[in-house]
>>> print(open('start_20.txt').read())   # compact mmCIF, C-alpha atoms
# COMPACT_ATOMS: atom_id res chain seq x y z
CA MET R 1 -13.27 -45.91 22.75
CA GLN R 2 -10.83 -44.35 25.14
CA LEU R 3 -7.66 -42.65 24.02
CA SER R 4 -4.57 -43.14 26.06
CA SER R 5 -2.63 -40.15 27.31
CA ARG R 6 0.10 -41.08 24.87
CA SER R 7 -2.34 -40.82 21.93
CA ILE R 8 -3.64 -37.47 23.14
CA THR R 9 -0.09 -36.17 23.49
CA LEU R 10 0.74 -37.40 19.97
CA VAL R 11 -2.33 -35.70 18.47
CA ALA R 12 -1.53 -32.46 20.31
CA CYS R 13 2.09 -32.51 19.06
CA LEU R 14 1.00 -33.17 15.46
CA THR R 15 -1.53 -30.33 15.64
CA LEU R 16 1.09 -27.89 16.93
CA ALA R 17 3.55 -29.01 14.26
CA LEU R 18 1.00 -28.42 11.51
CA ILE R 19 0.16 -24.97 12.85
CA ALA R 20 3.83 -24.03 13.08
CA CYS R 21 4.50 -25.15 9.49
CA SER R 22 1.47 -23.48 7.93
CA PRO R 23 1.94 -20.11 6.19
CA LYS R 24 1.47 -17.13 8.43
CA VAL R 25 -1.66 -15.08 7.78
CA VAL R 26 -1.45 -11.49 8.93
CA ALA R 27 -4.72 -9.78 9.77
CA ILE R 28 -4.21 -6.17 8.72
CA GLY R 29 -6.62 -3.30 9.00
CA GLU R 30 -7.21 -0.25 6.86
CA GLN R 31 -4.85 2.06 8.79
CA GLN R 32 -2.04 -0.51 8.66
CA VAL R 33 -2.53 -0.81 4.90
CA ILE R 34 -2.28 2.98 4.55
CA ASP R 35 0.95 2.95 6.57
CA ILE R 36 2.37 0.14 4.39
CA ALA R 37 1.49 2.07 1.22
CA TRP R 38 3.07 5.27 2.58
CA GLN R 39 6.29 3.43 3.48
CA ALA R 40 6.46 2.21 -0.12
CA LEU R 41 5.69 5.66 -1.56
CA GLU R 42 7.87 7.86 0.66
CA PRO R 43 11.25 7.21 -1.06
CA ASN R 44 9.73 8.35 -4.37
CA THR R 45 8.29 11.64 -3.12
CA SER R 46 9.87 15.07 -3.20
CA SER R 47 8.47 16.18 0.15
CA HIS R 48 9.02 12.95 2.14
CA ASP R 49 6.08 14.24 4.16
CA GLN R 50 3.03 12.04 4.71
CA ALA R 51 0.94 15.12 5.56
CA ALA R 52 1.43 16.30 1.95
CA TRP R 53 -0.51 13.25 0.73
CA GLU R 54 -4.13 12.21 1.06
CA VAL R 55 -5.72 8.79 0.77
CA VAL R 56 -8.35 8.83 -1.96
CA GLY R 57 -9.57 5.29 -1.36
CA VAL R 58 -8.87 1.99 0.36
CA SER R 59 -10.81 -1.11 -0.62
CA ALA R 60 -10.58 -4.89 -0.40
CA VAL R 61 -10.29 -6.46 -3.87
CA THR R 62 -9.43 -9.76 -5.52
CA GLY R 63 -6.47 -10.18 -7.82
CA ARG R 64 -8.88 -10.60 -10.73
CA GLU R 65 -10.38 -7.15 -10.05
CA ALA R 66 -7.00 -5.42 -9.76
CA GLN R 67 -4.80 -7.22 -12.27
CA GLU R 68 -5.37 -4.86 -15.21
CA LEU R 69 -4.67 -1.77 -13.11
CA PHE R 70 -1.13 -2.96 -12.36
CA GLU R 71 -0.01 -4.29 -15.75
CA GLY R 72 3.30 -3.02 -17.07
CA GLU R 73 6.03 -1.05 -15.35
CA PRO R 74 5.42 0.50 -11.92
CA VAL R 75 6.40 3.92 -13.34
CA ARG R 76 6.18 4.86 -16.99
CA GLY R 77 9.18 6.86 -18.11
CA ARG R 78 11.07 6.48 -14.80
CA CYS R 79 10.13 10.07 -13.94
CA VAL R 80 9.80 9.82 -10.16
CA PRO R 81 12.44 11.00 -7.71
CA GLY R 82 14.29 8.47 -5.59
CA PRO R 83 15.09 4.83 -6.23
CA THR R 84 13.50 2.84 -9.05
CA PRO R 85 10.46 1.03 -7.61
CA PRO R 86 10.62 -2.77 -7.81
CA ASP R 87 8.59 -4.66 -10.40
CA SER R 88 5.23 -6.06 -9.38
CA ALA R 89 4.93 -9.53 -7.90
CA THR R 90 2.69 -12.08 -9.58
CA ILE R 91 -0.89 -11.22 -8.71
CA ALA R 92 -2.94 -14.28 -7.77
CA LEU R 93 -6.33 -13.96 -9.47
CA ASP R 94 -8.11 -15.50 -6.47
CA GLY R 95 -5.90 -13.72 -3.95
CA SER R 96 -7.16 -11.14 -1.47
CA TYR R 97 -5.64 -7.69 -1.62
CA TRP R 98 -6.08 -4.14 -0.40
CA TYR R 99 -6.18 -1.48 -3.13
CA VAL R 100 -4.90 1.93 -1.96
CA GLN R 101 -5.14 5.15 -3.97
CA MET R 102 -3.19 8.24 -2.88
CA ARG R 103 -2.58 11.70 -4.31
CA PRO R 104 -0.80 14.86 -3.17
CA ARG R 105 -2.87 17.40 -1.32
CA SER R 106 -3.71 20.53 -3.30
CA ALA R 107 -0.88 22.97 -3.85
CA THR R 108 -2.37 25.75 -1.77
CA PRO R 109 -4.70 24.66 1.00
CA ARG R 110 -7.97 26.49 1.41
CA PRO R 111 -7.81 29.04 4.20
CA VAL R 112 -9.39 28.21 7.52
CA PRO R 113 -11.42 31.14 8.94
CA THR R 114 -9.25 31.24 12.07
CA GLU R 115 -5.92 31.68 10.26
CA GLU R 116 -4.36 34.55 8.42
CA TYR R 117 -4.22 33.95 4.71
CA SER R 118 -2.43 36.07 2.15
CA PRO R 119 -3.69 35.89 -1.43
CA THR R 120 -0.24 37.01 -2.58
CA ALA R 121 1.65 34.28 -0.73
CA PRO R 122 3.47 31.90 -3.07
CA PRO R 123 1.74 28.56 -3.52
CA ARG R 124 3.09 25.59 -1.63
CA VAL R 125 3.70 22.79 -4.13
CA PRO R 126 4.55 19.70 -2.08
CA GLU R 127 4.82 17.23 -4.96
CA PRO R 128 5.85 18.70 -8.30
CA PHE R 129 6.36 15.31 -10.01
CA VAL R 130 4.14 12.49 -8.71
CA TYR R 131 0.43 13.26 -9.02
CA GLN R 132 -1.09 9.85 -8.24
CA ALA R 133 -0.05 6.59 -6.57
CA HIS R 134 -1.82 3.23 -6.51
CA PHE R 135 -0.78 0.25 -4.39
CA LEU R 136 -1.89 -3.37 -4.12
CA VAL R 137 -1.14 -4.86 -0.71
CA ASP R 138 -1.37 -8.61 -0.16
CA ALA R 139 -4.02 -9.06 2.53
CA SER R 140 -2.43 -12.24 3.89
CA THR R 141 1.18 -11.03 4.19
CA GLY R 142 0.96 -7.24 4.37
CA GLN R 143 3.54 -6.94 1.57
CA ILE R 144 3.29 -4.62 -1.44
CA ALA R 145 2.32 -6.84 -4.38
CA ALA R 146 2.22 -4.08 -6.99
CA ARG R 147 2.38 -0.32 -7.40
CA LYS R 148 1.72 2.30 -10.07
CA LEU R 149 3.12 5.80 -9.74
CA TYR R 150 1.93 8.48 -12.17
CA CYS R 151 4.08 11.54 -12.70
CA VAL R 152 4.33 14.71 -14.72
CA ILE R 153 6.86 14.51 -17.50
CA TYR R 154 8.22 17.97 -18.22
>>> encode(input="start_20.txt", output="structure tokens")
Amino acid sequence: MQLSSRSITLVACLTLALIACSPKVVAIGEQQVIDIAWQALEPNTSSHDQAAWEVVGVSAVTGREAQELFEGEPVRGRCVPGPTPPDSATIALDGSYWYVQMRPRSATPRPVPTEEYSPTAPPRVPEPFVYQAHFLVDASTGQIAARKLYCVIY
């Protein structure tokens, strides 16, 4: 069976149309996920300095694994600086996500042998309010699906 050039052209056009109409899948890596999480966290920090934060963990999870971690409000007691974080999106149980955990670096960094260090210097406290941040990033879109910010309530 031979296909005419018209049939081949029609099949090619239909294939391109289906590809163009399908949802876009974004392949994102670990560093991109960290950057996405930081962009979401930055408005709610006191320091607005990414160097004041460390990534505790980044892992690929399903919605089923992460759903309980992100139940309820993004911030209990609305105690973080900056704008109120948006509510979580619906987490698809079979969806693929990146789970990112962040925390502020210690108040006073340990001295490095090559630098001068004064034991009487005042401690540097980069984040007096938020002590932990968790993010769920949709692996297919690169969007924040959910967040939990934990803060000190004075």
>>> atom_distance(input="start_20.txt", atom1="atom CA of Ala37 of chain R", atom2="atom CA of Gly57 of chain R")
11.8 Å
>>> closest_residue(input="start_20.txt", among="R:Val75, R:Cys151, R:Ala145, R:Val55", to="Glu127 of chain R", atoms="all atoms listed in the file")
R:Cys151
>>> residues_around(input="start_20.txt", residues="Pro74 of chain R", least_positions_apart="2", cutoff="12 Å", atoms="all atoms listed in the file", output="PyMOL selection string")
chain R and resi 40-41+44+69-72+76-80+84-89+132-136+144-151
>>> closest_residue(input="start_20.txt", among="R:Ala92, R:Ala52, R:Ala139, R:Val152", to="Gln67 of chain R", atoms="only C-alpha atoms")
R:Ala92
>>> closest_residue(input="start_20.txt", among="R:Ser59, R:Pro81, R:Ile28, R:Met102", to="Pro43 of chain R", atoms="only C-alpha atoms")
R:Pro81
>>> closest_residue(input="start_20.txt", among="R:Gln143, R:Ser106, R:Ser47, R:Thr120", to="Ile91 of chain R", atoms="all atoms listed in the file")
R:Gln143
>>> residues_near_point(input="start_20.txt", point="(-11.1, -8.7, -7.3)", cutoff="9 Å", atoms="only C-alpha atoms", output="PyMOL selection string")
chain R and resi 60-67+93-97
